[in-house]
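Source file: protein_32.csv. Holds: CSV, C-alpha atoms and all ligand atoms.
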chain,number,residue,atom,x,y,z
A,1,MET,CA,-13.8,-15.9,-3.0
A,2,SER,CA,-13.1,-13.1,-5.4
A,3,ASN,CA,-12.2,-9.6,-4.3
A,4,SER,CA,-14.2,-7.2,-6.3
A,5,GLN,CA,-12.7,-4.2,-4.5
A,6,ALA,CA,-9.1,-4.9,-5.7
A,7,PRO,CA,-7.6,-1.6,-7.0
A,8,ARG,CA,-5.3,-2.0,-10.0
A,9,GLY,CA,-1.9,-0.5,-10.7
A,10,GLN,CA,-0.7,0.0,-7.1
A,11,ARG,CA,2.9,0.0,-6.2
A,12,CYS,CA,3.5,-2.9,-3.8
A,13,VAL,CA,6.5,-4.0,-1.8
A,14,VAL,CA,6.6,-7.5,-0.3
A,15,THR,CA,9.3,-8.5,2.1
A,16,GLY,CA,10.2,-12.2,2.3
A,17,ALA,CA,9.1,-12.4,-1.3
A,18,ALA,CA,11.1,-15.5,-2.1
A,19,GLY,CA,9.6,-17.5,0.9
A,20,PHE,CA,6.6,-19.8,1.0
A,21,ILE,CA,3.9,-17.3,1.8
A,22,GLY,CA,5.6,-14.1,0.4
A,23,SER,CA,6.0,-15.7,-3.1
A,24,HIS,CA,2.3,-16.5,-3.2
A,25,VAL,CA,1.4,-13.0,-2.2
A,26,VAL,CA,3.6,-11.6,-4.9
A,27,ASP,CA,2.0,-13.9,-7.5
A,28,ARG,CA,-1.5,-12.7,-6.4
A,29,LEU,CA,-0.6,-9.0,-6.5
A,30,LEU,CA,0.9,-9.4,-10.0
A,31,ALA,CA,-2.3,-11.2,-11.1
A,32,ASP,CA,-4.3,-8.3,-9.7
A,33,GLY,CA,-2.4,-6.0,-12.0
A,34,HIS,CA,0.0,-4.3,-9.6
A,35,GLU,CA,3.7,-3.4,-9.8
A,36,VAL,CA,5.6,-5.4,-7.2
A,37,VAL,CA,9.0,-5.1,-5.7
A,38,GLY,CA,10.0,-8.2,-3.8
A,39,VAL,CA,12.6,-7.9,-1.1
A,40,ASP,CA,14.5,-11.0,0.1
A,41,CYS,CA,18.1,-11.8,1.3
A,42,PHE,CA,17.7,-15.6,0.8
A,43,THR,CA,18.6,-16.6,4.4
A,44,ASP,CA,20.1,-20.0,4.7
A,45,TYR,CA,17.2,-21.3,6.7
A,46,TYR,CA,16.5,-23.5,3.7
A,47,PRO,CA,18.2,-23.8,0.3
A,48,ARG,CA,18.2,-20.9,-2.0
A,49,PRO,CA,17.2,-23.0,-5.1
A,50,ILE,CA,13.8,-23.7,-3.4
A,51,LYS,CA,13.2,-20.0,-3.0
A,52,GLU,CA,14.4,-19.2,-6.5
A,53,ARG,CA,11.8,-21.7,-7.7
A,54,ASN,CA,9.1,-20.0,-5.6
A,55,LEU,CA,9.8,-16.8,-7.6
A,56,LYS,CA,10.1,-18.3,-11.0
A,57,ARG,CA,6.7,-17.1,-12.2
A,58,ALA,CA,7.1,-13.6,-10.8
A,59,LEU,CA,10.6,-13.2,-12.3
A,60,ALA,CA,9.1,-13.7,-15.7
A,61,ASN,CA,6.7,-10.8,-15.2
A,62,PRO,CA,7.8,-7.3,-16.3
A,63,ARG,CA,5.9,-5.8,-13.4
A,64,PHE,CA,8.0,-7.6,-10.9
A,65,ARG,CA,11.5,-6.5,-9.6
A,66,LEU,CA,13.5,-8.4,-7.1
A,67,ALA,CA,15.5,-6.3,-4.6
A,68,GLU,CA,18.0,-8.7,-3.1
A,69,ALA,CA,18.6,-7.0,0.2
A,70,ASP,CA,18.9,-7.8,3.9
A,71,LEU,CA,16.4,-5.8,6.0
A,72,ARG,CA,19.0,-5.8,8.8
A,73,ASP,CA,21.5,-3.6,7.0
A,74,ALA,CA,20.2,-2.4,3.6
A,75,GLU,CA,19.2,1.1,2.8
A,76,LEU,CA,15.4,0.6,2.8
A,77,ALA,CA,14.0,4.0,2.0
A,78,PRO,CA,14.8,3.9,-1.7
A,79,ILE,CA,13.1,0.5,-1.9
A,80,LEU,CA,10.0,1.7,-0.2
A,81,GLU,CA,9.8,5.1,-2.0
A,82,GLY,CA,6.4,5.6,-3.6
A,83,ALA,CA,4.9,2.3,-2.2
A,84,ASP,CA,1.1,2.3,-1.8
A,85,ILE,CA,1.2,-1.1,-0.1
A,86,LEU,CA,3.9,-2.8,2.0
A,87,ILE,CA,3.4,-6.4,3.1
A,88,HIS,CA,6.0,-7.5,5.6
A,89,GLU,CA,6.3,-11.3,5.4
A,90,ALA,CA,10.1,-11.6,6.0
A,91,ALA,CA,11.1,-13.4,9.2
A,92,MET,CA,13.0,-16.3,10.6
A,93,GLY,CA,10.2,-18.9,11.1
A,94,GLY,CA,10.1,-22.2,12.9
A,95,LEU,CA,10.4,-23.0,16.6
A,96,ARG,CA,13.3,-25.5,16.8
A,97,ARG,CA,16.1,-23.3,15.6
A,98,SER,CA,14.9,-20.3,17.6
A,99,TRP,CA,16.1,-22.0,20.8
A,100,THR,CA,19.7,-22.2,19.5
A,101,GLU,CA,20.0,-19.2,17.1
A,102,PHE,CA,18.3,-16.5,19.0
A,103,GLU,CA,20.4,-13.7,17.7
A,104,THR,CA,19.3,-14.5,14.1
A,105,TYR,CA,15.7,-14.5,15.2
A,106,LEU,CA,16.1,-11.3,17.1
A,107,SER,CA,17.8,-9.5,14.3
A,108,CYS,CA,15.6,-10.8,11.4
A,109,ASN,CA,12.3,-10.6,13.3
A,110,VAL,CA,12.7,-7.5,15.5
A,111,LEU,CA,15.6,-5.4,14.3
A,112,ALA,CA,14.7,-5.8,10.7
A,113,THR,CA,11.1,-4.8,11.4
A,114,GLN,CA,12.2,-1.7,13.3
A,115,ARG,CA,14.4,-0.6,10.4
A,116,LEU,CA,11.5,-1.3,8.0
A,117,LEU,CA,9.1,0.8,10.1
A,118,ASP,CA,11.6,3.7,10.3
A,119,ALA,CA,12.0,3.6,6.5
A,120,ALA,CA,8.2,3.2,5.9
A,121,ARG,CA,7.6,6.2,8.2
A,122,SER,CA,10.3,8.3,6.5
A,123,VAL,CA,8.9,7.8,3.0
A,124,GLY,CA,5.2,7.8,3.9
A,125,VAL,CA,4.1,4.3,2.8
A,126,GLY,CA,0.4,4.2,2.0
A,127,ASN,CA,-0.6,1.1,4.0
A,128,MET,CA,1.4,-1.7,5.7
A,129,VAL,CA,0.3,-5.2,6.5
A,130,HIS,CA,2.5,-6.8,9.2
A,131,VAL,CA,2.5,-10.5,9.4
A,132,SER,CA,2.6,-12.1,12.8
A,133,THR,CA,1.7,-15.6,14.1
A,134,SER,CA,-0.6,-17.5,16.4
A,135,SER,CA,2.6,-18.4,18.2
A,136,VAL,CA,2.3,-15.1,20.1
A,137,TYR,CA,-0.5,-16.8,22.1
A,138,GLY,CA,1.6,-19.7,23.3
A,139,ARG,CA,0.9,-23.3,24.1
A,140,GLU,CA,-2.9,-22.9,24.0
A,141,SER,CA,-3.6,-20.6,21.0
A,142,SER,CA,-7.3,-21.2,20.3
A,143,GLY,CA,-9.6,-18.2,20.5
A,144,ASP,CA,-10.0,-14.7,19.3
A,145,GLU,CA,-7.6,-11.7,19.4
A,146,THR,CA,-8.4,-10.9,23.0
A,147,ARG,CA,-6.7,-14.1,24.2
A,148,PRO,CA,-3.7,-13.1,26.3
A,149,THR,CA,-0.3,-13.3,24.6
A,150,ARG,CA,2.1,-15.7,26.3
A,151,PRO,CA,4.6,-16.9,23.7
A,152,ASP,CA,6.2,-20.2,24.6
A,153,SER,CA,9.2,-20.1,22.2
A,154,PRO,CA,11.9,-17.6,21.3
A,155,TYR,CA,10.3,-17.4,17.9
A,156,GLY,CA,7.0,-16.4,19.4
A,157,VAL,CA,8.7,-13.9,21.7
A,158,THR,CA,10.4,-12.1,18.8
A,159,LYS,CA,7.2,-12.1,16.7
A,160,LEU,CA,5.3,-10.6,19.6
A,161,ALA,CA,8.0,-7.9,20.1
A,162,ALA,CA,7.8,-7.1,16.4
A,163,GLU,CA,4.0,-6.7,16.3
A,164,ASN,CA,4.1,-4.5,19.4
A,165,LEU,CA,6.7,-2.4,17.7
A,166,VAL,CA,4.5,-2.0,14.7
A,167,LEU,CA,1.5,-1.0,16.8
A,168,ALA,CA,3.7,1.5,18.7
A,169,TYR,CA,4.7,3.2,15.4
A,170,HIS,CA,1.0,3.3,14.6
A,171,ARG,CA,0.0,4.9,17.9
A,172,ASN,CA,2.9,7.4,18.0
A,173,PHE,CA,3.4,8.3,14.3
A,174,ASP,CA,0.1,7.3,12.7
A,175,LEU,CA,1.9,4.7,10.6
A,176,PRO,CA,-0.9,3.1,8.6
A,177,VAL,CA,-0.8,-0.6,9.6
A,178,THR,CA,-2.7,-3.8,10.2
A,179,VAL,CA,-1.3,-6.8,12.0
A,180,LEU,CA,-2.3,-10.3,10.9
A,181,ARG,CA,-1.7,-13.4,13.1
A,182,TYR,CA,-1.5,-16.3,10.7
A,183,PHE,CA,-2.4,-19.8,12.0
A,184,SER,CA,-0.2,-22.6,10.5
A,185,ILE,CA,-0.3,-22.2,6.7
A,186,PHE,CA,0.0,-25.2,4.4
A,187,GLY,CA,-0.1,-26.0,0.7
A,188,PRO,CA,2.2,-25.8,-2.3
A,189,ARG,CA,5.7,-24.3,-1.5
A,190,GLN,CA,5.3,-24.9,2.2
A,191,ARG,CA,8.7,-24.7,3.9
A,192,PRO,CA,10.8,-27.9,3.9
A,193,ASP,CA,11.0,-27.8,7.7
A,194,MET,CA,7.2,-27.8,8.2
A,195,GLY,CA,5.2,-30.8,9.3
A,196,TYR,CA,3.0,-31.4,6.3
A,197,THR,CA,5.9,-31.2,3.8
A,198,ILE,CA,7.9,-33.6,5.9
A,199,PHE,CA,5.0,-36.0,6.3
A,200,ILE,CA,4.2,-36.0,2.6
A,201,GLU,CA,7.8,-36.4,1.5
A,202,ARG,CA,8.5,-39.3,3.8
A,203,ILE,CA,5.2,-41.1,3.1
A,204,LEU,CA,5.9,-40.9,-0.7
A,205,ARG,CA,9.4,-42.2,-0.2
A,206,GLY,CA,8.5,-44.9,2.3
A,207,GLU,CA,10.6,-43.3,5.0
A,208,GLU,CA,9.8,-43.2,8.7
A,209,ILE,CA,8.1,-40.2,10.2
A,210,THR,CA,8.8,-39.1,13.7
A,211,ILE,CA,5.8,-37.5,15.3
A,212,ASP,CA,6.6,-34.9,18.1
A,213,GLY,CA,4.7,-36.1,21.2
A,214,ASP,CA,1.7,-38.3,20.9
A,215,GLY,CA,0.2,-36.8,17.7
A,216,THR,CA,-2.9,-35.4,19.4
A,217,GLN,CA,-1.8,-31.8,19.0
A,218,THR,CA,-4.5,-30.0,17.0
A,219,ARG,CA,-4.4,-27.2,14.4
A,220,GLY,CA,-6.9,-25.2,12.5
A,221,ASN,CA,-4.5,-25.0,9.5
A,222,THR,CA,-4.9,-22.4,6.9
A,223,TYR,CA,-4.7,-23.2,3.2
A,224,ILE,CA,-2.3,-20.9,1.4
A,225,ASP,CA,-5.0,-19.5,-1.0
A,226,ASP,CA,-7.1,-18.5,2.0
A,227,CYS,CA,-4.1,-16.9,3.7
A,228,VAL,CA,-3.3,-14.9,0.5
A,229,GLU,CA,-6.9,-13.8,0.0
A,230,ALA,CA,-7.0,-12.5,3.5
A,231,THR,CA,-3.7,-10.7,3.2
A,232,VAL,CA,-4.6,-8.8,0.0
A,233,ARG,CA,-8.1,-8.0,1.2
A,234,VAL,CA,-6.6,-6.4,4.2
A,235,ALA,CA,-3.9,-4.6,2.1
A,236,TYR,CA,-6.6,-3.2,-0.2
A,237,ALA,CA,-9.0,-2.2,2.6
A,238,GLY,CA,-6.6,0.3,4.1
A,239,PRO,CA,-5.1,0.7,7.6
A,240,THR,CA,-6.9,-0.3,10.8
A,241,GLY,CA,-4.2,-0.1,13.5
A,242,GLU,CA,-5.6,-3.4,14.7
A,243,VAL,CA,-4.8,-7.1,15.0
A,244,PHE,CA,-6.7,-9.9,13.2
A,245,ASN,CA,-6.5,-13.7,13.4
A,246,ILE,CA,-6.3,-15.4,10.0
A,247,GLY,CA,-6.9,-19.2,10.2
A,248,GLY,CA,-8.7,-22.1,8.8
A,249,GLY,CA,-11.9,-23.4,10.3
A,250,GLU,CA,-11.3,-27.2,10.4
A,251,VAL,CA,-9.6,-28.8,13.4
A,252,VAL,CA,-7.2,-31.7,12.7
A,253,SER,CA,-4.6,-33.5,14.8
A,254,ALA,CA,-1.2,-34.4,13.5
A,255,LEU,CA,-2.4,-38.0,13.3
A,256,ASP,CA,-5.5,-37.0,11.4
A,257,VAL,CA,-3.3,-35.4,8.8
A,258,VAL,CA,-1.1,-38.4,8.5
A,259,ARG,CA,-4.2,-40.6,7.9
A,260,MET,CA,-5.5,-38.1,5.2
A,261,ILE,CA,-2.1,-38.2,3.4
A,262,GLU,CA,-2.2,-42.0,3.5
A,263,ARG,CA,-5.7,-41.9,1.9
A,264,ILE,CA,-4.6,-39.4,-0.7
A,265,THR,CA,-1.4,-41.2,-1.7
A,266,GLY,CA,-2.6,-44.8,-1.1
A,267,ARG,CA,0.6,-45.4,0.9
A,268,GLU,CA,1.0,-46.4,4.5
A,269,ALA,CA,3.0,-44.1,6.9
A,270,ARG,CA,5.7,-45.7,9.1
A,271,LEU,CA,5.4,-43.8,12.3
A,272,ARG,CA,7.5,-43.5,15.4
A,273,PHE,CA,6.8,-41.1,18.3
A,274,GLY,CA,9.4,-38.8,19.7
A,275,PRO,CA,9.5,-36.3,22.6
A,276,PRO,CA,7.2,-33.3,22.3
A,277,ARG,CA,8.9,-30.3,20.7
A,278,ALA,CA,9.8,-27.5,23.1
A,279,GLY,CA,7.5,-24.5,22.6
A,280,GLU,CA,5.0,-26.3,20.4
A,281,GLN,CA,1.4,-25.3,20.6
A,282,ALA,CA,-1.0,-28.0,22.0
A,283,HIS,CA,-4.1,-26.5,20.3
A,284,ALA,CA,-4.4,-23.7,17.8
A,285,LEU,CA,-7.7,-22.8,16.2
A,286,ALA,CA,-8.4,-19.3,15.2
A,287,ASP,CA,-11.6,-17.5,16.0
A,288,THR,CA,-11.7,-15.4,12.8
A,289,SER,CA,-15.0,-13.6,13.5
A,290,LYS,CA,-13.3,-10.2,13.5
A,291,ALA,CA,-11.7,-10.6,10.1
A,292,ARG,CA,-14.9,-12.1,8.7
A,293,ALA,CA,-16.9,-9.1,9.9
A,294,ARG,CA,-14.4,-6.4,8.8
A,295,PHE,CA,-13.0,-7.8,5.6
A,296,ASP,CA,-15.8,-10.1,4.4
A,297,TRP,CA,-13.3,-12.9,4.3
A,298,GLU,CA,-13.6,-16.5,5.4
A,299,PRO,CA,-11.5,-19.6,4.7
A,300,SER,CA,-13.0,-21.8,2.0
A,301,SER,CA,-10.5,-24.7,1.5
A,302,SER,CA,-10.9,-28.0,3.3
A,303,VAL,CA,-7.8,-29.6,4.8
A,304,GLU,CA,-8.1,-32.6,2.5
A,305,ALA,CA,-8.4,-30.5,-0.7
A,306,GLY,CA,-5.4,-28.5,0.4
A,307,LEU,CA,-3.3,-31.6,1.2
A,308,ARG,CA,-4.1,-33.0,-2.3
A,309,ALA,CA,-2.7,-29.8,-3.8
A,310,GLN,CA,0.4,-30.0,-1.6
A,311,VAL,CA,0.9,-33.7,-2.4
A,312,ALA,CA,0.7,-33.0,-6.2
A,313,TRP,CA,3.3,-30.1,-5.8
A,314,ILE,CA,5.7,-32.3,-3.8
A,315,GLN,CA,5.4,-35.1,-6.3
A,316,GLU,CA,6.3,-32.8,-9.1
A,317,ARG,CA,9.2,-31.3,-7.2
A,318,LEU,CA,10.6,-34.6,-6.2
A,319,ALA,CA,10.0,-35.9,-9.8
A,320,LEU,CA,8.0,-38.8,-8.4
A,321,PRO,CA,5.3,-40.6,-10.4
A,322,ALA,CA,1.9,-39.0,-9.9
A,323,VAL,CA,-0.6,-40.6,-7.6
A,324,PRO,CA,-3.8,-41.4,-9.5
A,325,GLY,CA,-6.6,-39.0,-8.5
A,326,VAL,CA,-4.5,-36.3,-6.9
A,327,ALA,CA,-5.6,-32.9,-8.1
A,328,GLU,CA,-3.3,-30.6,-10.1
A,329,GLU,CA,-1.5,-28.1,-8.0
A,330,ARG,CA,-3.8,-25.1,-7.5
A,331,SER,CA,-1.5,-22.4,-6.2
A,332,SER,CA,1.9,-22.4,-7.9
B,1,LIG,N1,4.4,-20.7,7.5
B,1,LIG,C1,3.5,-20.6,8.5
B,1,LIG,O1,2.7,-21.5,8.8
B,1,LIG,C2,3.4,-19.3,9.3
B,1,LIG,C3,2.5,-19.3,10.4
B,1,LIG,C4,2.4,-18.1,11.1
B,1,LIG,C5,3.1,-17.0,10.7
B,1,LIG,N2,4.0,-17.0,9.6
B,1,LIG,C6,4.7,-15.9,9.3
B,1,LIG,O2,4.6,-15.7,7.9
B,1,LIG,C7,5.8,-15.1,7.3
B,1,LIG,C8,6.3,-15.9,6.2
B,1,LIG,O3,6.6,-17.2,6.6
B,1,LIG,P1,7.1,-18.4,5.6
B,1,LIG,O4,6.6,-19.6,6.2
B,1,LIG,O5,6.7,-18.0,4.2
B,1,LIG,O6,8.6,-18.3,5.8
B,1,LIG,P2,9.8,-18.4,4.7
B,1,LIG,O7,11.1,-18.7,5.5
B,1,LIG,O8,9.4,-19.4,3.6
B,1,LIG,O9,9.9,-17.0,4.1
B,1,LIG,C9,10.5,-15.9,4.8
B,1,LIG,C10,11.4,-15.2,3.8
B,1,LIG,O10,12.0,-14.0,4.5
B,1,LIG,C11,13.3,-13.9,4.1
B,1,LIG,N3,14.0,-13.2,5.1
B,1,LIG,C12,14.2,-13.5,6.4
B,1,LIG,N4,15.0,-12.6,7.0
B,1,LIG,C13,15.2,-11.6,6.1
B,1,LIG,C14,15.9,-10.4,6.2
B,1,LIG,N5,16.6,-10.0,7.3
B,1,LIG,N6,16.0,-9.6,5.1
B,1,LIG,C15,15.4,-10.0,3.9
B,1,LIG,N7,14.7,-11.2,3.8
B,1,LIG,C16,14.6,-12.0,4.9
B,1,LIG,C17,13.8,-15.3,3.9
B,1,LIG,O11,15.0,-15.4,3.0
B,1,LIG,C18,12.6,-16.1,3.4
B,1,LIG,O12,12.7,-16.2,1.9
B,1,LIG,C19,6.7,-15.0,8.5
B,1,LIG,O13,6.6,-13.6,9.0
B,1,LIG,C20,6.2,-16.0,9.5
B,1,LIG,O14,6.6,-15.6,10.9
B,1,LIG,C21,4.1,-18.2,8.9

Any chance you could give the structure as structure tokens?
Amino acid sequence: MSNSQAPRGQRCVVTGAAGFIGSHVVDRLLADGHEVVGVDCFTDYYPRPIKERNLKRALANPRFRLAEADLRDAELAPILEGADILIHEAAMGGLRRSWTEFETYLSCNVLATQRLLDAARSVGVGNMVHVSTSSVYGRESSGDETRPTRPDSPYGVTKLAAENLVLAYHRNFDLPVTVLRYFSIFGPRQRPDMGYTIFIERILRGEEITIDGDGTQTRGNTYIDDCVEATVRVAYAGPTGEVFNIGGGEVVSALDVVRMIERITGREARLRFGPPRAGEQAHALADTSKARARFDWEPSSSVEAGLRAQVAWIQERLALPAVPGVAEERSS
């Protein structure tokens, strides 16, 4: 899907620019002809070289500048000065560590957001897209934006606090914002702690995979290109003060995904089943009618096509021999 309404030459700031999703958003904004400042402090959630690699293409572009800064203590107003678009991707992701490192989640997801909002307000940022998650809904996350929020993990609690803070700044100070709730994103550059990356790496290496629970948990995963398309469309459309679900339309279970990766790679997975992960969603399928109606956006990638791109990317990263028939990486 192309976005004919994309303005050119905007000044954009992307937080979490070195991360999985942030780096793709940066690449897309640069491809659309904008000036981009990427903010990231390279948290130790996963190794810095992976994040540097995510930014490789952007760093070669003269319209990109990296501001290595921690949103929790850096002076943010000078970074945001003159920004037409602010896309706030930075956060501590993942459920598991949020049970044991709550202070880091609280500071990176809530305090950092509050500091960013204050700075955005003080310099008068043109439009802000705040990135939230389906984890704000809790164990059962399928439905539309009217579904009650009942996060079931410290991660989800901090992300819900952050989006409420964003909306409070909108209501009280007219801060121009839109909140997006992403539903499990996958594809090239997916974080090393995320399920599909782990499944693919282990299947390619012939290592055992531990499935959390019985593998029947389902997702309407979102391919990274669909996620980026939604994010920039919303950024270009201007503020709404509202919340939108962003998700893929195809439901698959964890076991379905393992079987697809087996088909793509031609290798058999060695599975064992562990206890369910505390705070994990049982089912998460986004009703995206609102985003479709408002932004003329809809997800267009199939899970299988997206997995092929992710397999190709992981093979290249691990310097493994290519699997015949696997598509070239599409996104990075
Ligand atoms: N990956 C998914 O499936 C998914 C699903 C729903 C929502 N989200 C949200 O999307 C956003 C991006 O997630 P991701 O998967 O790309 O994660 P990621 O960990 O790959 O990227 C996040 C980046 O933010 C940076 N960061 C964190 N705290 C920071 C701080 N205090 N100051 C500066 N930089 C900081 C990290 O160094 C990292 O590079 C997050 O807000 C996450 O909650 C992701």

Self-check item: Environment of ligand LIG 1 (chain B) within 6 Å, counting only C-alpha atoms and all ligand atoms, reported as a VMD selection string
Solution: chain A and resid 16 18 to 22 40 to 43 69 to 72 89 to 93 108 112 131 to 133 182 to 185 191

Expected file: the selected residues, C-alpha atoms, as a PDB file, in the coordinates of the input:
ATOM      1  CA  GLY A  16      10.200 -12.200   2.300  1.00  0.00           C
ATOM      2  CA  ALA A  18      11.100 -15.500  -2.100  1.00  0.00           C
ATOM      3  CA  GLY A  19       9.600 -17.500   0.900  1.00  0.00           C
ATOM      4  CA  PHE A  20       6.600 -19.800   1.000  1.00  0.00           C
ATOM      5  CA  ILE A  21       3.900 -17.300   1.800  1.00  0.00           C
ATOM      6  CA  GLY A  22       5.600 -14.100   0.400  1.00  0.00           C
ATOM      7  CA  ASP A  40      14.500 -11.000   0.100  1.00  0.00           C
ATOM      8  CA  CYS A  41      18.100 -11.800   1.300  1.00  0.00           C
ATOM      9  CA  PHE A  42      17.700 -15.600   0.800  1.00  0.00           C
ATOM     10  CA  THR A  43      18.600 -16.600   4.400  1.00  0.00           C
ATOM     11  CA  ALA A  69      18.600  -7.000   0.200  1.00  0.00           C
ATOM     12  CA  ASP A  70      18.900  -7.800   3.900  1.00  0.00           C
ATOM     13  CA  LEU A  71      16.400  -5.800   6.000  1.00  0.00           C
ATOM     14  CA  ARG A  72      19.000  -5.800   8.800  1.00  0.00           C
ATOM     15  CA  GLU A  89       6.300 -11.300   5.400  1.00  0.00           C
ATOM     16  CA  ALA A  90      10.100 -11.600   6.000  1.00  0.00           C
ATOM     17  CA  ALA A  91      11.100 -13.400   9.200  1.00  0.00           C
ATOM     18  CA  MET A  92      13.000 -16.300  10.600  1.00  0.00           C
ATOM     19  CA  GLY A  93      10.200 -18.900  11.100  1.00  0.00           C
ATOM     20  CA  CYS A 108      15.600 -10.800  11.400  1.00  0.00           C
ATOM     21  CA  ALA A 112      14.700  -5.800  10.700  1.00  0.00           C
ATOM     22  CA  VAL A 131       2.500 -10.500   9.400  1.00  0.00           C
ATOM     23  CA  SER A 132       2.600 -12.100  12.800  1.00  0.00           C
ATOM     24  CA  THR A 133       1.700 -15.600  14.100  1.00  0.00           C
ATOM     25  CA  TYR A 182      -1.500 -16.300  10.700  1.00  0.00           C
ATOM     26  CA  PHE A 183      -2.400 -19.800  12.000  1.00  0.00           C
ATOM     27  CA  SER A 184      -0.200 -22.600  10.500  1.00  0.00           C
ATOM     28  CA  ILE A 185      -0.300 -22.200   6.700  1.00  0.00           C
ATOM     29  CA  ARG A 191       8.700 -24.700   3.900  1.00  0.00           C
TER      30      ARG A 191
END

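From atom CA of Asp226 of chain A back to atom CA of Glu242 of chain A, the distance works out to 19.8 Å.
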
Quiz prompt | Best match for closeness to Ser253 of chain A among A:Gly220, A:Pro148, A:Pro276, A:Pro78, counting only C-alpha atoms | solution = A:Gly220

Quiz item: Between A:Glu304, A:Glu207, A:Asp225, A:Glu268, which is the closest to Glu250 of chain A once you count all atoms listed in the file?
Solution: A:Glu304

Quiz item: Closest to Asn54 of chain A among A:Thr158, A:Thr265, A:Thr240, A:Gln190, using all atoms listed in the file?
Solution: A:Gln190

Practice problem: Select, from A:Leu175, A:Val243, A:Val14, A:Leu29, the residue with the minimum atom-to-atom distance to Ala67 of chain A, counting all atoms listed in the file. | Solution: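 Of all the options, A:Val14 lies closest to Ala67 of chain A.
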
Practice problem: Mind giving me the straight-line distance from atom CA of Val251 of chain A to atom CA of Ala282 of chain A in Å, one decimal? | Solution: 12.2 Å

Quiz item: Do you know which residues are at most 10 Å from Gly274 of chain A counting only C-alpha atoms, after dropping those on the same chain fewer than 3 positions away, and could you put them as a ChimeraX atom specification?
Solution: /A:209-215,271,277

Any chance you can output those residues with C-alpha atoms as a compact mmCIF listing (two decimals), in the frame of the given file?
# COMPACT_ATOMS: atom_id res chain seq x y z
CA ILE A 209 8.10 -40.20 10.20
CA THR A 210 8.80 -39.10 13.70
CA ILE A 211 5.80 -37.50 15.30
CA ASP A 212 6.60 -34.90 18.10
CA GLY A 213 4.70 -36.10 21.20
CA ASP A 214 1.70 -38.30 20.90
CA GLY A 215 0.20 -36.80 17.70
CA LEU A 271 5.40 -43.80 12.30
CA ARG A 277 8.90 -30.30 20.70

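In this model, the gap between atom CA of Gly9 of chain A and atom CA of Gly33 of chain A comes to 5.7 Å.
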
Extract, using all atoms listed in the file, all DNA, RNA and protein residues at most 7 Å from Ser142 of chain A, discarding same-chain residues fewer than 4 positions from it, and format them as a PDB file with C-alpha atoms, in the coordinates of the input.
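Wrote part19.pdb, looks like this:
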ATOM      1  CA  HIS A 283      -4.100 -26.500  20.300  1.00  0.00           C
ATOM      2  CA  ALA A 284      -4.400 -23.700  17.800  1.00  0.00           C
ATOM      3  CA  LEU A 285      -7.700 -22.800  16.200  1.00  0.00           C
ATOM      4  CA  ALA A 286      -8.400 -19.300  15.200  1.00  0.00           C
TER       5      ALA A 286
END

Self-check item: Residues within 12 Å of (7.5, -38.4, 1.9), file coords, all atoms listed in the file, listed as a PyMOL selection string
Solution: chain A and resi 192+195-210+258+261-262+265+267-271+310-312+314-315+317-318+320

Exercise. Can you work out which one of A:Leu80, A:Leu180, A:Met194, A:Ala31 has the shortest atom-to-atom distance to Cys12 of chain A, counting only C-alpha atoms?
Key: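 With only C-alpha atoms as the atom set, the closest residue is A:Leu80.
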
Practice problem: Show which residues sit within 8 Å of Cys227 of chain A, as a list in words. Count all atoms listed in the file, and ignore same-chain residues fewer than 2 positions away. | Solution: Tyr182, Ile185, Thr222, Tyr223, Ile224, Asp225, Glu229, Ala230, Thr231, Ile246, Gly247 and Pro299 of chain A

Practice problem: Rank nothing, just name the residue among A:Asp84, A:Asp296, A:Glu75, A:Glu280 nearest to Asp152 of chain A, using all atoms listed in the file. | Solution: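 Of A:Asp84, A:Asp296, A:Glu75, A:Glu280, the one nearest Asp152 of chain A is A:Glu280, counting all atoms listed in the file.
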
Quiz item: Gln281 of chain A: which residues within 10 Å, counting all atoms listed in the file, same-chain residues fewer than 5 positions away excluded, as a ChimeraX atom specification?
Solution: /A:134-135,137-142,151-153,217-219

Any chance you could model N, CA and C atoms for segment 314-320 of chain A and send them as a CSV table (one decimal), keeping the file's coordinate frame?
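Wrote selection.csv, looks like this:
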chain,number,residue,atom,x,y,z
A,314,ILE,N,4.5,-31.6,-4.3
A,314,ILE,CA,5.7,-32.3,-3.8
A,314,ILE,C,6.1,-33.4,-4.8
A,315,GLN,N,5.1,-34.1,-5.3
A,315,GLN,CA,5.4,-35.1,-6.3
A,315,GLN,C,6.2,-34.6,-7.5
A,316,GLU,N,5.7,-33.4,-7.9
A,316,GLU,CA,6.3,-32.8,-9.1
A,316,GLU,C,7.7,-32.4,-8.8
A,317,ARG,N,7.9,-31.8,-7.6
A,317,ARG,CA,9.2,-31.3,-7.2
A,317,ARG,C,10.2,-32.4,-7.0
A,318,LEU,N,9.7,-33.5,-6.5
A,318,LEU,CA,10.6,-34.6,-6.2
A,318,LEU,C,10.7,-35.5,-7.5
A,319,ALA,N,10.0,-35.1,-8.5
A,319,ALA,CA,10.0,-35.9,-9.8
A,319,ALA,C,9.6,-37.4,-9.5
A,320,LEU,N,8.5,-37.5,-8.6
A,320,LEU,CA,8.0,-38.8,-8.4
A,320,LEU,C,6.8,-39.1,-9.3
